[in-house]
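Heads up: the structure comes next, in structure tokens.
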Amino acid sequence: MIASGGRPIIHAIYNAIVDPNDTVLYPIPSWNNNHYCHLTDAQRIEVQTTAEEGFMPSAKSLAPYLKDVVLLALCSPLNPTGTTFRRAELEKICDLVIEENKRRAGKSKPLYVLFDQMYWMLMADGIEHFNPLSIRPDMKPYTLFVDGISKSFAATGVRVGWGMGPAEVIGKMKSIIGHIGAWAPKAEQVATAHFLNDEVGVNTFLNELKLKINSRFDKLYTGIEAMRAEGFPIQIIKPEGAIYLSVQISILGKKDKQGKLIESTADITQFLLEEAQLALVPFTAFGCASGTDWYRISIGTLNEDDIPELLAKLKHALSQLN
């Protein structure tokens with residue numbers, strides 16, 4: 001199914017599968033699942049992930065809740081963290097879903113997986129993308145994909161996204177999309193189809209884009225790691241995909257140069273904006289509890305030449321803390 005970007009696809013998946021008071025399961029941080037639950041009057045179970053896990057959910061963390069849910073929402077590479085599923089862990093999650101659906105067969109609504117892979121063509125060097133069907137073909141009846149051109153081809157203004165999944169669910173999603181008028185414009189659909197069939201053109205564009213992304217990743221990662229090695233209260237997770245980096249700025253309890261105590265996520269955000277001229281999105285915007293000191297760095301509009309100055313300003317700001 002073709003639609004005007006990824007959002008209508010996700011909206012249609014939720015509305016096709018989730019009835020009022022049904023329960024949706026997803027890890028946090030995650031992008032907007034809380035809002036889609038609100039829009040469909042769904043109950044939600046949020047599983048907090050950790051930096052040690054790369055902020056990706058484990059089969060162990062999800063297993064206790066699968067019997068109670070109708071939709072499991074997953075994303076890889078993940079917005080906001082830029083981290084990805086390893087094959088072994090995704091296999092375990094798929095096996096749990098398959099077993100749960102065998103248990104439900106003929107008795108209750110299936111357990112579906114919403115798999116958002118909007119950034120899968122933007123994997124970091126040496127990282128491989130895996131999806132449920134690529135490793136467990138038996139997931140075909142239960143998996144609904146979200147994909148599109150906006151991120152992988154730096155084309156956020158060209159609203160062409162697509163969903164793939166079981167025919168009976170996609171059919172209902174088409175009706176939903178039709179009633180809200182969220183089709184991609186025909187001219188953009190035709191142009192996208194022509195471009196995607198040009199294998200040389202696609203690979204040429206992606207190779208150049210990934211070189212630029214990886215260069216920015218490397219400069220930010222190396223610079224922040226150097227600051228950490230000097231003793232600054234900061235750490236960063238090595239980038240794996242998408243256009244995001246996860247950075248922890250551990251300055252809760254410290255005082256700025258005016259003597260003001262930094263005691264909340266909002267205080268960290270304001271400090272970074274005022275003292276380092278750095279606008280970062282806290283993980284509270286992605287479902288994490290207030291008090292988190294983890295942030296998303298997006299390199300989507302970041303000029304590579306500006307990175308040394310950015311790092312210098314951040315270092316100077318942190319050096320003034322008591």
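Please note that chains go A, B, ... in the order of the structure tokens, that every chain numbers its residues from 1, and that ligands are numbered from 1 in the order shown.
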Expected answer as a PDB file with C-alpha atoms, in the first residue's frame: helix (DSSP H, G or I) residues in segment 110-200 of chain A:
```
ATOM      1  CA  PRO A 132      11.380 -10.397  10.827  1.00  0.00           C
ATOM      2  CA  LEU A 133      10.735 -12.005   7.440  1.00  0.00           C
ATOM      3  CA  SER A 134      14.399 -12.120   6.465  1.00  0.00           C
ATOM      4  CA  ILE A 135      15.163 -14.365   9.438  1.00  0.00           C
ATOM      5  CA  PRO A 137       9.565 -16.509   7.082  1.00  0.00           C
ATOM      6  CA  ASP A 138       6.802 -17.796   9.379  1.00  0.00           C
ATOM      7  CA  MET A 139       6.364 -14.186  10.524  1.00  0.00           C
ATOM      8  CA  LYS A 140       4.729 -13.286   7.196  1.00  0.00           C
ATOM      9  CA  PRO A 141       1.096 -13.516   8.436  1.00  0.00           C
ATOM     10  CA  TYR A 142       1.827 -11.269  11.409  1.00  0.00           C
ATOM     11  CA  ALA A 167      -3.487  -8.980   2.436  1.00  0.00           C
ATOM     12  CA  GLU A 168      -6.512  -8.957   4.731  1.00  0.00           C
ATOM     13  CA  VAL A 169      -4.951  -6.265   6.946  1.00  0.00           C
ATOM     14  CA  ILE A 170      -3.588  -4.188   4.061  1.00  0.00           C
ATOM     15  CA  GLY A 171      -7.084  -4.238   2.518  1.00  0.00           C
ATOM     16  CA  LYS A 172      -8.555  -2.660   5.647  1.00  0.00           C
ATOM     17  CA  MET A 173      -5.695  -0.170   5.780  1.00  0.00           C
ATOM     18  CA  LYS A 174      -6.464   0.913   2.191  1.00  0.00           C
ATOM     19  CA  SER A 175     -10.020   1.735   3.211  1.00  0.00           C
ATOM     20  CA  ILE A 176      -8.777   3.801   6.162  1.00  0.00           C
ATOM     21  CA  ILE A 177      -6.228   5.685   4.058  1.00  0.00           C
ATOM     22  CA  GLY A 178      -8.836   6.282   1.363  1.00  0.00           C
ATOM     23  CA  HIS A 179     -11.256   7.864   3.818  1.00  0.00           C
ATOM     24  CA  ILE A 180      -8.652  10.261   5.210  1.00  0.00           C
ATOM     25  CA  LYS A 186       0.310  10.237  -8.397  1.00  0.00           C
ATOM     26  CA  ALA A 187       3.186  12.208  -9.920  1.00  0.00           C
ATOM     27  CA  GLU A 188       5.346  11.462  -6.866  1.00  0.00           C
ATOM     28  CA  GLN A 189       4.359   7.783  -6.911  1.00  0.00           C
ATOM     29  CA  VAL A 190       5.319   7.423 -10.586  1.00  0.00           C
ATOM     30  CA  ALA A 191       8.589   9.328 -10.134  1.00  0.00           C
ATOM     31  CA  THR A 192       9.499   7.241  -7.079  1.00  0.00           C
ATOM     32  CA  ALA A 193       8.769   3.995  -8.931  1.00  0.00           C
ATOM     33  CA  HIS A 194      11.011   5.040 -11.822  1.00  0.00           C
ATOM     34  CA  PHE A 195      13.802   6.039  -9.470  1.00  0.00           C
ATOM     35  CA  LEU A 196      13.636   2.876  -7.338  1.00  0.00           C
ATOM     36  CA  GLU A 199      19.515   0.389  -9.458  1.00  0.00           C
ATOM     37  CA  VAL A 200      22.626   2.307 -10.492  1.00  0.00           C
TER      38      VAL A 200
END
```
(message) Can you pull out the residues contacting Ile307 of chain A? Cut-off 12 Å, using only C-alpha atoms, and skip same-chain residues under 5 positions away; I want them as a ChimeraX atom specification.
(response) /A:215-224,278,297,299,301-302,312-314
(message) Which residues are near segment 243-252 of chain A? Cut-off 9 Å, only C-alpha atoms, ignore same chain within fewer than 5 positions. Put them as an MDAnalysis selection string.
(response) chainID A and resid 51 78:83 119 122 151 213 217 220:221 224 232:238 261:265 267:268 291:300 318 321
Per residue of segment 134-168 of chain A within 6 Å of segment 112-118 of chain A, record the nearest atom pair and its distance in Å to one decimal, counting only C-alpha atoms, with rows in chain order and ascending residue number, as a Markdown table.
```
| residue | atom | partner | partner_atom | distance |
| --- | --- | --- | --- | --- |
| A:Tyr142 | CA | A:Tyr112 | CA | 4.6 |
| A:Thr143 | CA | A:Val113 | CA | 4.8 |
| A:Leu144 | CA | A:Leu114 | CA | 5.0 |
| A:Phe145 | CA | A:Phe115 | CA | 4.9 |
| A:Val146 | CA | A:Asp116 | CA | 4.6 |
| A:Asp147 | CA | A:Met118 | CA | 4.5 |
| A:Gly148 | CA | A:Met118 | CA | 6.0 |
```
Atoms to include: N, CA and C atoms. Write the selected residues as an mmCIF file, in the first residue's frame.
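Result file result25.cif:
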```cif
data_model
loop_
_atom_site.group_PDB
_atom_site.id
_atom_site.type_symbol
_atom_site.label_atom_id
_atom_site.label_comp_id
_atom_site.auth_asym_id
_atom_site.auth_seq_id
_atom_site.Cartn_x
_atom_site.Cartn_y
_atom_site.Cartn_z
ATOM 1 N N TYR A 142 1.977 -12.115 10.226
ATOM 2 C CA TYR A 142 1.827 -11.269 11.409
ATOM 3 C C TYR A 142 2.620 -9.965 11.350
ATOM 4 N N THR A 143 3.353 -9.717 10.252
ATOM 5 C CA THR A 143 4.257 -8.569 10.208
ATOM 6 C C THR A 143 3.751 -7.510 9.243
ATOM 7 N N LEU A 144 3.757 -6.255 9.723
ATOM 8 C CA LEU A 144 3.360 -5.114 8.907
ATOM 9 C C LEU A 144 4.523 -4.125 8.865
ATOM 10 N N PHE A 145 5.035 -3.904 7.654
ATOM 11 C CA PHE A 145 6.205 -3.056 7.472
ATOM 12 C C PHE A 145 5.816 -1.605 7.215
ATOM 13 N N VAL A 146 6.664 -0.709 7.716
ATOM 14 C CA VAL A 146 6.553 0.714 7.415
ATOM 15 C C VAL A 146 7.862 1.142 6.762
ATOM 16 N N ASP A 147 7.760 1.759 5.583
ATOM 17 C CA ASP A 147 8.959 2.145 4.844
ATOM 18 C C ASP A 147 8.626 3.368 4.000
ATOM 19 N N GLY A 148 9.637 3.953 3.378
ATOM 20 C CA GLY A 148 9.401 5.114 2.539
ATOM 21 C C GLY A 148 10.696 5.739 2.089
#
```
